[in-house]
file data03.cif (mmCIF, C-alpha atoms (C1' of nucleotides))
data_input
#
loop_
_atom_site.label_atom_id
_atom_site.label_comp_id
_atom_site.auth_asym_id
_atom_site.auth_seq_id
_atom_site.Cartn_x
_atom_site.Cartn_y
_atom_site.Cartn_z
CA MET X 18 9.81 8.38 8.00
CA ALA X 19 11.43 8.40 11.39
CA GLU X 20 11.27 12.14 11.75
CA LYS X 21 8.07 12.55 9.82
CA ASP X 22 4.65 13.65 10.82
CA ARG X 23 5.80 14.85 14.19
CA LEU X 24 4.40 18.25 13.30
CA HIS X 25 0.94 16.78 13.12
CA GLY X 26 -1.62 19.16 14.55
CA THR X 27 0.95 21.69 15.63
CA LEU X 28 1.53 23.59 12.44
CA ASP X 29 -1.59 25.70 12.72
CA ALA X 30 -0.55 26.98 16.11
CA LEU X 31 2.96 27.76 14.90
CA VAL X 32 1.61 29.71 11.98
CA LEU X 33 -0.84 31.63 14.15
CA LYS X 34 1.92 32.48 16.56
CA THR X 35 4.13 33.67 13.72
CA LEU X 36 1.34 35.95 12.57
CA SER X 37 0.87 37.31 16.05
CA TRP X 38 4.03 39.38 15.47
CA GLY X 39 2.37 41.01 12.48
CA PRO X 40 1.17 40.19 8.96
CA ARG X 41 3.33 37.94 6.83
CA HIS X 42 3.03 36.00 3.61
CA GLY X 43 3.15 32.23 3.38
CA TYR X 44 6.66 31.78 2.17
CA ALA X 45 7.96 34.16 4.81
CA ILE X 46 6.08 32.33 7.54
CA ALA X 47 7.78 29.09 6.57
CA ARG X 48 11.22 30.65 6.43
CA TRP X 49 10.73 32.39 9.74
CA ILE X 50 9.74 29.22 11.56
CA GLU X 51 12.68 27.36 10.11
CA GLU X 52 15.14 30.07 11.01
CA THR X 53 13.76 30.53 14.48
CA THR X 54 14.04 26.84 15.24
CA GLY X 55 17.40 26.42 13.56
CA SER X 56 15.74 24.05 11.09
CA ASP X 57 14.58 21.79 13.89
CA ILE X 58 11.21 22.35 12.30
CA GLU X 59 10.89 22.37 8.54
CA VAL X 60 7.72 23.71 7.02
CA GLU X 61 6.83 22.03 3.75
CA GLU X 62 4.76 24.08 1.38
CA GLY X 63 2.43 21.18 0.86
CA SER X 64 1.60 21.44 4.54
CA LEU X 65 1.73 25.20 4.84
CA TYR X 66 -0.73 26.29 2.20
CA PRO X 67 -3.43 23.82 3.19
CA SER X 68 -2.97 25.04 6.74
CA LEU X 69 -3.44 28.64 5.66
CA TYR X 70 -6.62 27.86 3.71
CA ARG X 71 -7.95 25.81 6.56
CA MET X 72 -7.49 28.62 9.00
CA GLU X 73 -8.78 31.25 6.63
CA ARG X 74 -11.90 29.16 6.20
CA LYS X 75 -12.27 28.99 9.94
CA GLY X 76 -11.89 32.71 10.27
CA TRP X 77 -8.67 32.64 12.24
CA ILE X 78 -6.70 34.54 9.64
CA GLU X 79 -7.43 36.91 6.75
CA ALA X 80 -5.62 37.28 3.45
CA GLU X 81 -4.87 40.27 1.30
CA TRP X 82 -2.71 40.58 -1.79
CA GLY X 83 0.24 42.90 -1.60
CA MET X 84 3.89 43.32 -2.50
CA SER X 85 6.96 42.04 -0.71
CA GLU X 86 10.11 44.05 -0.09
CA LEU X 87 11.63 42.07 -2.94
CA ASN X 88 8.98 43.39 -5.25
CA ARG X 89 7.05 40.19 -5.57
CA ARG X 90 3.34 39.57 -5.51
CA VAL X 91 2.47 38.10 -2.13
CA LYS X 92 -0.58 37.10 -0.18
CA LEU X 93 -0.37 38.70 3.22
CA TYR X 94 -2.04 36.94 6.09
CA LYS X 95 -3.05 38.53 9.32
CA LEU X 96 -4.50 37.25 12.55
CA THR X 97 -8.15 37.89 13.35
CA THR X 98 -9.57 38.36 16.81
CA GLU X 99 -10.97 34.90 16.54
CA GLY X 100 -7.56 33.61 15.57
CA ARG X 101 -5.91 35.27 18.49
CA LYS X 102 -8.38 33.63 20.78
CA HIS X 103 -7.80 30.28 19.21
CA LEU X 104 -4.06 30.74 19.48
CA ARG X 105 -4.35 31.26 23.21
CA GLN X 106 -6.26 28.02 23.52
CA GLU X 107 -3.88 26.07 21.30
CA THR X 108 -0.97 27.40 23.29
CA SER X 109 -2.34 26.28 26.59
CA GLU X 110 -3.23 22.90 25.17
CA TRP X 111 0.27 22.52 23.84
CA ALA X 112 1.72 23.43 27.20
CA ARG X 113 -0.37 20.81 28.92
CA PHE X 114 0.28 18.16 26.34
CA SER X 115 4.00 18.68 25.94
CA SER X 116 4.56 18.80 29.64
CA ALA X 117 2.60 15.58 30.02
CA VAL X 118 4.67 13.85 27.37
CA SER X 119 7.91 15.15 28.78
CA ARG X 120 6.85 14.04 32.21
CA ILE X 121 6.78 10.50 30.92
CA LEU X 122 9.49 10.55 28.31
CA LEU X 123 12.19 12.66 29.84
CA VAL X 124 12.13 11.42 33.40
CA ASN X 125 14.65 8.89 34.78
CA MET Y 21 -11.98 17.87 17.62
CA ALA Y 22 -10.06 20.71 19.21
CA GLU Y 23 -8.10 18.43 21.50
CA LYS Y 24 -7.94 15.56 19.09
CA ASP Y 25 -5.07 13.98 17.30
CA ARG Y 26 -2.50 15.84 19.32
CA LEU Y 27 -0.97 12.51 20.23
CA HIS Y 28 -0.10 11.90 16.63
CA GLY Y 29 3.26 10.19 16.31
CA THR Y 30 3.96 10.31 20.01
CA LEU Y 31 2.04 7.32 21.26
CA ASP Y 32 4.65 4.77 20.24
CA ALA Y 33 7.30 6.51 22.27
CA LEU Y 34 5.04 6.78 25.30
CA VAL Y 35 4.27 3.09 25.13
CA LEU Y 36 7.91 2.14 24.72
CA LYS Y 37 8.82 4.28 27.68
CA THR Y 38 6.11 2.70 29.75
CA LEU Y 39 7.51 -0.70 28.91
CA SER Y 40 10.99 0.38 29.85
CA TRP Y 41 9.93 0.02 33.50
CA GLY Y 42 9.12 -3.60 32.85
CA PRO Y 43 6.61 -5.78 30.99
CA ARG Y 44 2.99 -4.72 30.98
CA HIS Y 45 -0.16 -5.61 29.12
CA GLY Y 46 -2.01 -3.24 26.82
CA TYR Y 47 -4.80 -2.23 29.09
CA ALA Y 48 -2.35 -1.55 31.88
CA ILE Y 49 -0.16 0.57 29.64
CA ALA Y 50 -3.09 2.78 28.80
CA ARG Y 51 -4.16 3.16 32.42
CA TRP Y 52 -0.63 3.88 33.53
CA ILE Y 53 -0.11 6.66 31.02
CA GLU Y 54 -3.41 8.23 31.93
CA GLU Y 55 -2.73 8.09 35.62
CA THR Y 56 0.78 9.36 35.30
CA THR Y 57 -0.34 12.36 33.29
CA GLY Y 58 -3.41 13.02 35.39
CA SER Y 59 -5.52 12.32 32.32
CA ASP Y 60 -3.77 15.03 30.35
CA ILE Y 61 -3.19 12.22 27.91
CA GLU Y 62 -5.91 9.71 27.22
CA VAL Y 63 -5.01 6.53 25.45
CA GLU Y 64 -7.82 5.19 23.32
CA GLU Y 65 -7.80 1.48 22.70
CA GLY Y 66 -8.35 2.08 19.01
CA SER Y 67 -5.00 3.83 18.99
CA LEU Y 68 -3.21 1.65 21.48
CA TYR Y 69 -3.61 -1.79 19.96
CA PRO Y 70 -2.64 -0.72 16.45
CA SER Y 71 0.40 0.92 18.00
CA LEU Y 72 1.34 -2.30 19.78
CA TYR Y 73 1.02 -4.39 16.62
CA ARG Y 74 2.97 -1.86 14.65
CA MET Y 75 5.82 -1.97 17.10
CA GLU Y 76 5.72 -5.71 17.45
CA ARG Y 77 5.98 -5.97 13.69
CA LYS Y 78 8.97 -3.69 13.75
CA GLY Y 79 10.62 -5.73 16.45
CA TRP Y 80 10.59 -3.06 19.11
CA ILE Y 81 8.47 -5.10 21.48
CA GLU Y 82 7.60 -8.74 22.04
CA ALA Y 83 4.36 -10.26 23.24
CA GLU Y 84 3.61 -13.21 25.42
CA TRP Y 85 0.35 -14.43 26.86
CA GLY Y 86 0.04 -14.53 30.59
CA MET Y 87 -2.20 -13.83 33.52
CA SER Y 88 -2.84 -10.56 35.30
CA GLU Y 89 -2.97 -10.14 39.07
CA LEU Y 90 -6.71 -10.02 38.63
CA ASN Y 91 -6.61 -13.44 37.12
CA ARG Y 92 -7.37 -12.40 33.60
CA ARG Y 93 -5.82 -13.52 30.37
CA VAL Y 94 -3.43 -10.79 29.23
CA LYS Y 95 -0.90 -10.23 26.52
CA LEU Y 96 2.29 -9.08 28.12
CA TYR Y 97 4.54 -6.85 26.10
CA LYS Y 98 8.20 -6.31 26.76
CA LEU Y 99 10.82 -4.09 25.24
CA THR Y 100 13.45 -5.59 22.95
CA THR Y 101 16.99 -4.33 22.60
CA GLU Y 102 15.97 -2.86 19.30
CA GLY Y 103 13.04 -1.16 20.99
CA ARG Y 104 15.22 0.30 23.67
CA LYS Y 105 17.47 1.75 21.03
CA HIS Y 106 14.54 3.17 19.16
CA LEU Y 107 13.17 4.67 22.35
CA ARG Y 108 16.39 6.55 22.90
CA GLN Y 109 16.14 8.01 19.45
CA GLU Y 110 12.48 8.91 19.77
CA THR Y 111 13.18 10.56 23.06
CA SER Y 112 15.89 12.77 21.70
CA GLU Y 113 13.77 13.66 18.72
CA TRP Y 114 10.91 14.60 21.01
CA ALA Y 115 13.21 16.76 23.09
CA ARG Y 116 14.36 18.63 20.01
CA PHE Y 117 10.93 18.97 18.56
CA SER Y 118 9.10 20.01 21.69
CA SER Y 119 11.72 22.51 22.62
CA ALA Y 120 11.54 23.97 19.13
CA VAL Y 121 7.77 24.31 19.31
CA SER Y 122 7.90 25.75 22.79
CA ARG Y 123 10.57 28.17 21.68
CA ILE Y 124 8.05 29.62 19.26
CA LEU Y 125 4.80 29.10 21.05
CA LEU Y 126 5.62 29.86 24.64
CA VAL Y 127 7.85 32.88 24.25
CA ASN Y 128 6.64 36.48 24.73
"C1'" DC P 30 21.31 39.09 -23.13
"C1'" DC P 31 20.55 34.73 -21.27
"C1'" DC P 32 20.17 31.56 -17.71
"C1'" DA P 33 20.19 29.90 -13.07
"C1'" DA P 34 18.72 30.63 -8.60
"C1'" DA P 35 15.71 32.47 -5.45
"C1'" DT P 36 11.16 34.01 -4.38
"C1'" DA P 37 6.39 32.96 -4.17
"C1'" DC P 38 2.04 30.50 -4.78
"C1'" DC P 39 -0.62 26.28 -5.62
"C1'" DT P 40 -2.26 21.34 -6.18
"C1'" DT P 41 -2.48 16.39 -6.28
"C1'" DG P 42 -2.04 11.86 -4.33
"C1'" DA P 43 -0.35 8.64 -1.22
"C1'" DC P 44 0.20 7.58 3.43
"C1'" DA P 45 -0.21 6.91 8.25
"C1'" DG P 46 -1.87 7.45 12.76
"C1'" DT P 47 -5.84 8.72 15.66
"C1'" DC P 48 -10.46 8.36 16.83
"C1'" DT P 49 -15.24 6.55 17.29
"C1'" DA P 50 -17.74 2.75 17.57
"C1'" DT P 51 -18.53 -1.82 18.08
"C1'" DG P 52 -17.95 -6.59 19.37
"C1'" DC P 53 -16.55 -10.35 22.24
"C1'" DC P 54 -15.14 -12.85 26.43
"C1'" DT P 55 -14.12 -13.37 31.43
"C1'" DT P 56 -14.01 -12.37 36.31
"C1'" DC P 57 -15.76 -10.37 40.40
"C1'" DG P 58 -19.06 -8.40 43.61
"C1'" DC P 59 -23.58 -8.16 45.00
"C1'" DG S 16 -27.81 -14.20 37.91
"C1'" DC S 17 -26.45 -9.73 36.53
"C1'" DG S 18 -23.92 -5.72 35.85
"C1'" DA S 19 -19.56 -3.44 36.03
"C1'" DA S 20 -14.96 -3.63 35.15
"C1'" DG S 21 -11.05 -5.77 32.99
"C1'" DG S 22 -9.13 -7.09 28.72
"C1'" DC S 23 -8.36 -7.82 23.65
"C1'" DA S 24 -9.53 -6.75 18.94
"C1'" DT S 25 -11.05 -4.55 14.49
"C1'" DA S 26 -13.44 -1.68 11.06
"C1'" DG S 27 -14.08 2.73 9.02
"C1'" DA S 28 -13.91 7.55 8.73
"C1'" DC S 29 -11.14 11.42 9.12
"C1'" DT S 30 -7.45 14.50 8.80
"C1'" DG S 31 -3.01 16.46 8.38
"C1'" DT S 32 1.59 15.73 6.58
"C1'" DC S 33 4.62 14.93 2.96
"C1'" DA S 34 6.69 14.26 -1.65
"C1'" DA S 35 6.52 15.79 -5.94
"C1'" DG S 36 5.06 18.17 -9.22
"C1'" DG S 37 3.64 22.70 -11.53
"C1'" DT S 38 3.56 28.02 -12.68
"C1'" DA S 39 5.34 32.71 -12.73
"C1'" DT S 40 8.35 36.54 -11.62
"C1'" DT S 41 12.56 38.85 -10.30
"C1'" DT S 42 17.38 39.25 -9.72
"C1'" DG S 43 22.23 38.72 -10.51
"C1'" DG S 44 26.17 36.78 -12.81
"C1'" DG S 45 28.65 35.67 -16.78
#

call {"tool": "encode", "arguments": {"input": "data03.cif", "output": "structure tokens"}}
result
Amino acid sequence: MAEKDRLHGTLDALVLKTLSWGPRHGYAIARWIEETTGSDIEVEEGSLYPSLYRMERKGWIEAEWGMSELNRRVKLYKLTTEGRKHLRQETSEWARFSSAVSRILLVN
Amino acid sequence: MAEKDRLHGTLDALVLKTLSWGPRHGYAIARWIEETTGSDIEVEEGSLYPSLYRMERKGWIEAEWGMSELNRRVKLYKLTTEGRKHLRQETSEWARFSSAVSRILLVN
DNA sequence: CCCAAATACCTTGACAGTCTATGCCTTCGC
DNA sequence: GCGAAGGCATAGACTGTCAAGGTATTTGGG
């Protein structure tokens, strides 16, 4: 429980950012985030899929069924214009927030 | 709701760090964090007091009734050894986490 | 040919921390 | 005497994460 829940509220932004490089399916999004962060961030599927539905409902991403390179049925998500806009906002909020926290936590 | 809940899981560490400068009462902790971050972080009392009780229960802080400079009855909190240890851990976890998120979010 | 592992999606339930809102009491300035 | 500010406290709704389960398909090794 020590490490837990730290993701709270941040996952959506991470997923959006991942999709900003191009369409990806859920499983791949999770793996990509984990690899990119050297497993500093682990994306649980029980968090990921709800996040995807949430954002699809809000119109930030769109889904389409397709096939992966490994010949498996996958649901490909891609960023909408709305989503891109929201990502920009989330990013700047994160910058402000994280710098504020670091200002307190990491000084002295 | 856009800005909301971003604090999630971070408040405890911020409070502990605030107390690492010396004992303070709840209200003062909140004001100090807000001032220090230029209101980038707002500490709601409905979040603060539960956080204080939580940490008192866990033995990270200790409370004692006293008087403020403004001559008001206040509950002064101070960091315990255990709390100081926990703060170190929280701090390093924050550093890892925030750098991981920034690595994804703030690049390119 | 079978079986395990990896890929991929999905759902349920518990949990925990934040927020909004409210209440109460005291001190100080006017 | 009254309002604003200082100060503590709690209830309830909300929401997102996580653990743990489930299904199905494909691939590769023995």

call {"tool": "atom_distance", "arguments": {"input": "data03.cif", "atom1": "atom CA of Arg44 of chain Y", "atom2": "atom CA of Arg26 of chain Y"}}
result
24.3 Å

call {"tool": "closest_atom_pairs", "arguments": {"input": "data03.cif", "of": "chain X", "to": "chain Y", "cutoff": "12 Å", "atoms": "all atoms listed in the file", "output": "tab-separated table"}}
result
residue	atom	partner	partner_atom	distance
X:Met18	CA	Y:Gly29	CA	10.7
X:Ala19	CA	Y:Glu110	CA	8.5
X:Glu20	CA	Y:Glu113	CA	7.6
X:Lys21	CA	Y:Gly29	CA	8.4
X:Asp22	CA	Y:Gly29	CA	6.6
X:Arg23	CA	Y:Gly29	CA	5.7
X:Leu24	CA	Y:Phe117	CA	8.4
X:His25	CA	Y:His28	CA	6.1
X:Gly26	CA	Y:Arg26	CA	5.9
X:Thr27	CA	Y:Arg26	CA	7.7
X:Leu28	CA	Y:Val121	CA	9.3
X:Asp29	CA	Y:Leu125	CA	11.0
X:Ala30	CA	Y:Leu125	CA	7.6
X:Leu31	CA	Y:Leu125	CA	6.6
X:Val32	CA	Y:Leu125	CA	9.6
X:Leu33	CA	Y:Leu125	CA	9.3
X:Lys34	CA	Y:Leu125	CA	6.3
X:Thr35	CA	Y:Ile124	CA	7.9
X:Leu36	CA	Y:Ile124	CA	11.4
X:Ser37	CA	Y:Leu125	CA	10.4
X:Trp38	CA	Y:Asn128	CA	10.0
X:Trp49	CA	Y:Ile124	CA	10.3
X:Ile50	CA	Y:Ile124	CA	7.9
X:Glu51	CA	Y:Ala120	CA	9.7
X:Glu52	CA	Y:Ala120	CA	10.8
X:Thr53	CA	Y:Ile124	CA	7.5
X:Thr54	CA	Y:Ala120	CA	5.4
X:Gly55	CA	Y:Ala120	CA	8.4
X:Ser56	CA	Y:Ala120	CA	9.1
X:Asp57	CA	Y:Ala120	CA	6.4
X:Ile58	CA	Y:Ala120	CA	7.0
X:Glu59	CA	Y:Phe117	CA	10.6
X:His103	CA	Y:Ala22	CA	9.8
X:Leu104	CA	Y:Leu125	CA	9.1
X:Arg105	CA	Y:Leu125	CA	9.6
X:Gln106	CA	Y:Ala22	CA	9.3
X:Glu107	CA	Y:Ala22	CA	8.4
X:Thr108	CA	Y:Leu125	CA	6.4
X:Ser109	CA	Y:Leu126	CA	8.9
X:Glu110	CA	Y:Glu23	CA	7.6
X:Trp111	CA	Y:Ser122	CA	8.4
X:Ala112	CA	Y:Ser122	CA	7.9
X:Arg113	CA	Y:Asp60	CA	6.9
X:Phe114	CA	Y:Asp60	CA	6.5
X:Ser115	CA	Y:Ser118	CA	6.8
X:Ser116	CA	Y:Thr57	CA	8.9
X:Ala117	CA	Y:Thr57	CA	5.5
X:Val118	CA	Y:Leu34	CA	7.4
X:Ser119	CA	Y:Ala115	CA	7.9
X:Arg120	CA	Y:Thr57	CA	7.5
X:Ile121	CA	Y:Leu34	CA	7.0
X:Leu122	CA	Y:Lys37	CA	6.3
X:Leu123	CA	Y:Thr111	CA	7.2
X:Val124	CA	Y:Lys37	CA	9.7
X:Asn125	CA	Y:Trp41	CA	10.1

call {"tool": "write_last_selection", "arguments": {"input": "data03.cif", "atoms": "C-alpha atoms", "output": "compact mmCIF listing (two decimals), in the frame of the given file"}}
result
# COMPACT_ATOMS: atom_id res chain seq x y z
CA MET X 18 9.81 8.38 8.00
CA ALA X 19 11.43 8.40 11.39
CA GLU X 20 11.27 12.14 11.75
CA LYS X 21 8.07 12.55 9.82
CA ASP X 22 4.65 13.65 10.82
CA ARG X 23 5.80 14.85 14.19
CA LEU X 24 4.40 18.25 13.30
CA HIS X 25 0.94 16.78 13.12
CA GLY X 26 -1.62 19.16 14.55
CA THR X 27 0.95 21.69 15.63
CA LEU X 28 1.53 23.59 12.44
CA ASP X 29 -1.59 25.70 12.72
CA ALA X 30 -0.55 26.98 16.11
CA LEU X 31 2.96 27.76 14.90
CA VAL X 32 1.61 29.71 11.98
CA LEU X 33 -0.84 31.63 14.15
CA LYS X 34 1.92 32.48 16.56
CA THR X 35 4.13 33.67 13.72
CA LEU X 36 1.34 35.95 12.57
CA SER X 37 0.87 37.31 16.05
CA TRP X 38 4.03 39.38 15.47
CA TRP X 49 10.73 32.39 9.74
CA ILE X 50 9.74 29.22 11.56
CA GLU X 51 12.68 27.36 10.11
CA GLU X 52 15.14 30.07 11.01
CA THR X 53 13.76 30.53 14.48
CA THR X 54 14.04 26.84 15.24
CA GLY X 55 17.40 26.42 13.56
CA SER X 56 15.74 24.05 11.09
CA ASP X 57 14.58 21.79 13.89
CA ILE X 58 11.21 22.35 12.30
CA GLU X 59 10.89 22.37 8.54
CA HIS X 103 -7.80 30.28 19.21
CA LEU X 104 -4.06 30.74 19.48
CA ARG X 105 -4.35 31.26 23.21
CA GLN X 106 -6.26 28.02 23.52
CA GLU X 107 -3.88 26.07 21.30
CA THR X 108 -0.97 27.40 23.29
CA SER X 109 -2.34 26.28 26.59
CA GLU X 110 -3.23 22.90 25.17
CA TRP X 111 0.27 22.52 23.84
CA ALA X 112 1.72 23.43 27.20
CA ARG X 113 -0.37 20.81 28.92
CA PHE X 114 0.28 18.16 26.34
CA SER X 115 4.00 18.68 25.94
CA SER X 116 4.56 18.80 29.64
CA ALA X 117 2.60 15.58 30.02
CA VAL X 118 4.67 13.85 27.37
CA SER X 119 7.91 15.15 28.78
CA ARG X 120 6.85 14.04 32.21
CA ILE X 121 6.78 10.50 30.92
CA LEU X 122 9.49 10.55 28.31
CA LEU X 123 12.19 12.66 29.84
CA VAL X 124 12.13 11.42 33.40
CA ASN X 125 14.65 8.89 34.78

call {"tool": "residues_around", "arguments": {"input": "data03.cif", "residues": "segment 42-59 of chain P", "least_positions_apart": "5", "cutoff": "10 Å", "atoms": "all atoms listed in the file", "output": "ChimeraX atom specification"}}
result
/X:22,25 /Y:21,24-31,64-68,70-71,90-93 /S:17-35

call {"tool": "write_last_selection", "arguments": {"input": "data03.cif", "atoms": "C-alpha atoms (C1' of nucleotides)", "output": "PDB file, in the frame of the given file"}}
result
ATOM      1  CA  ASP X  22       4.650  13.650  10.820  1.00  0.00           C
ATOM      2  CA  HIS X  25       0.940  16.780  13.120  1.00  0.00           C
TER       3      HIS X  25
ATOM      4  CA  MET Y  21     -11.980  17.870  17.620  1.00  0.00           C
ATOM      5  CA  LYS Y  24      -7.940  15.560  19.090  1.00  0.00           C
ATOM      6  CA  ASP Y  25      -5.070  13.980  17.300  1.00  0.00           C
ATOM      7  CA  ARG Y  26      -2.500  15.840  19.320  1.00  0.00           C
ATOM      8  CA  LEU Y  27      -0.970  12.510  20.230  1.00  0.00           C
ATOM      9  CA  HIS Y  28      -0.100  11.900  16.630  1.00  0.00           C
ATOM     10  CA  GLY Y  29       3.260  10.190  16.310  1.00  0.00           C
ATOM     11  CA  THR Y  30       3.960  10.310  20.010  1.00  0.00           C
ATOM     12  CA  LEU Y  31       2.040   7.320  21.260  1.00  0.00           C
ATOM     13  CA  GLU Y  64      -7.820   5.190  23.320  1.00  0.00           C
ATOM     14  CA  GLU Y  65      -7.800   1.480  22.700  1.00  0.00           C
ATOM     15  CA  GLY Y  66      -8.350   2.080  19.010  1.00  0.00           C
ATOM     16  CA  SER Y  67      -5.000   3.830  18.990  1.00  0.00           C
ATOM     17  CA  LEU Y  68      -3.210   1.650  21.480  1.00  0.00           C
ATOM     18  CA  PRO Y  70      -2.640  -0.720  16.450  1.00  0.00           C
ATOM     19  CA  SER Y  71       0.400   0.920  18.000  1.00  0.00           C
ATOM     20  CA  LEU Y  90      -6.710 -10.020  38.630  1.00  0.00           C
ATOM     21  CA  ASN Y  91      -6.610 -13.440  37.120  1.00  0.00           C
ATOM     22  CA  ARG Y  92      -7.370 -12.400  33.600  1.00  0.00           C
ATOM     23  CA  ARG Y  93      -5.820 -13.520  30.370  1.00  0.00           C
TER      24      ARG Y  93
ATOM     25  C1'  DC S  17     -26.450  -9.730  36.530  1.00  0.00           C
ATOM     26  C1'  DG S  18     -23.920  -5.720  35.850  1.00  0.00           C
ATOM     27  C1'  DA S  19     -19.560  -3.440  36.030  1.00  0.00           C
ATOM     28  C1'  DA S  20     -14.960  -3.630  35.150  1.00  0.00           C
ATOM     29  C1'  DG S  21     -11.050  -5.770  32.990  1.00  0.00           C
ATOM     30  C1'  DG S  22      -9.130  -7.090  28.720  1.00  0.00           C
ATOM     31  C1'  DC S  23      -8.360  -7.820  23.650  1.00  0.00           C
ATOM     32  C1'  DA S  24      -9.530  -6.750  18.940  1.00  0.00           C
ATOM     33  C1'  DT S  25     -11.050  -4.550  14.490  1.00  0.00           C
ATOM     34  C1'  DA S  26     -13.440  -1.680  11.060  1.00  0.00           C
ATOM     35  C1'  DG S  27     -14.080   2.730   9.020  1.00  0.00           C
ATOM     36  C1'  DA S  28     -13.910   7.550   8.730  1.00  0.00           C
ATOM     37  C1'  DC S  29     -11.140  11.420   9.120  1.00  0.00           C
ATOM     38  C1'  DT S  30      -7.450  14.500   8.800  1.00  0.00           C
ATOM     39  C1'  DG S  31      -3.010  16.460   8.380  1.00  0.00           C
ATOM     40  C1'  DT S  32       1.590  15.730   6.580  1.00  0.00           C
ATOM     41  C1'  DC S  33       4.620  14.930   2.960  1.00  0.00           C
ATOM     42  C1'  DA S  34       6.690  14.260  -1.650  1.00  0.00           C
ATOM     43  C1'  DA S  35       6.520  15.790  -5.940  1.00  0.00           C
TER      44       DA S  35
END

call {"tool": "atom_distance", "arguments": {"input": "data03.cif", "atom1": "atom C1' of DT41 of chain P", "atom2": "atom CA of Leu93 of chain X"}}
result
24.3 Å

call {"tool": "residues_around", "arguments": {"input": "data03.cif", "residues": "DA39 of chain S", "least_positions_apart": "2", "cutoff": "10 Å", "atoms": "only C-alpha atoms (C1' of nucleotides)", "output": "list in words"}}
result
DA37 and DC38 of chain P; DT41 of chain S

call {"tool": "resolve_selection", "arguments": {"input": "data03.cif", "expression": "the PyMOL selection byres ((chain P and resi 31) around 12)", "output": "MDAnalysis selection string"}}
result
(chainID P and resid 30 32:33) or (chainID S and resid 43:45)

call {"tool": "write_last_selection", "arguments": {"input": "data03.cif", "atoms": "C-alpha atoms (C1' of nucleotides)", "output": "PDB file, in the frame of the given file"}}
result
ATOM      1  C1'  DC P  30      21.310  39.090 -23.130  1.00  0.00           C
ATOM      2  C1'  DC P  32      20.170  31.560 -17.710  1.00  0.00           C
ATOM      3  C1'  DA P  33      20.190  29.900 -13.070  1.00  0.00           C
TER       4       DA P  33
ATOM      5  C1'  DG S  43      22.230  38.720 -10.510  1.00  0.00           C
ATOM      6  C1'  DG S  44      26.170  36.780 -12.810  1.00  0.00           C
ATOM      7  C1'  DG S  45      28.650  35.670 -16.780  1.00  0.00           C
TER       8       DG S  45
END

call {"tool": "atom_distance", "arguments": {"input": "data03.cif", "atom1": "atom CA of Tyr73 of chain Y", "atom2": "atom CA of Pro43 of chain Y"}}
result
15.5 Å

call {"tool": "closest_residue", "arguments": {"input": "data03.cif", "among": "Y:Ala83, Y:Val63, Y:Arg104, Y:Tyr69", "to": "Ala50 of chain Y", "atoms": "only C-alpha atoms"}}
result
Y:Val63
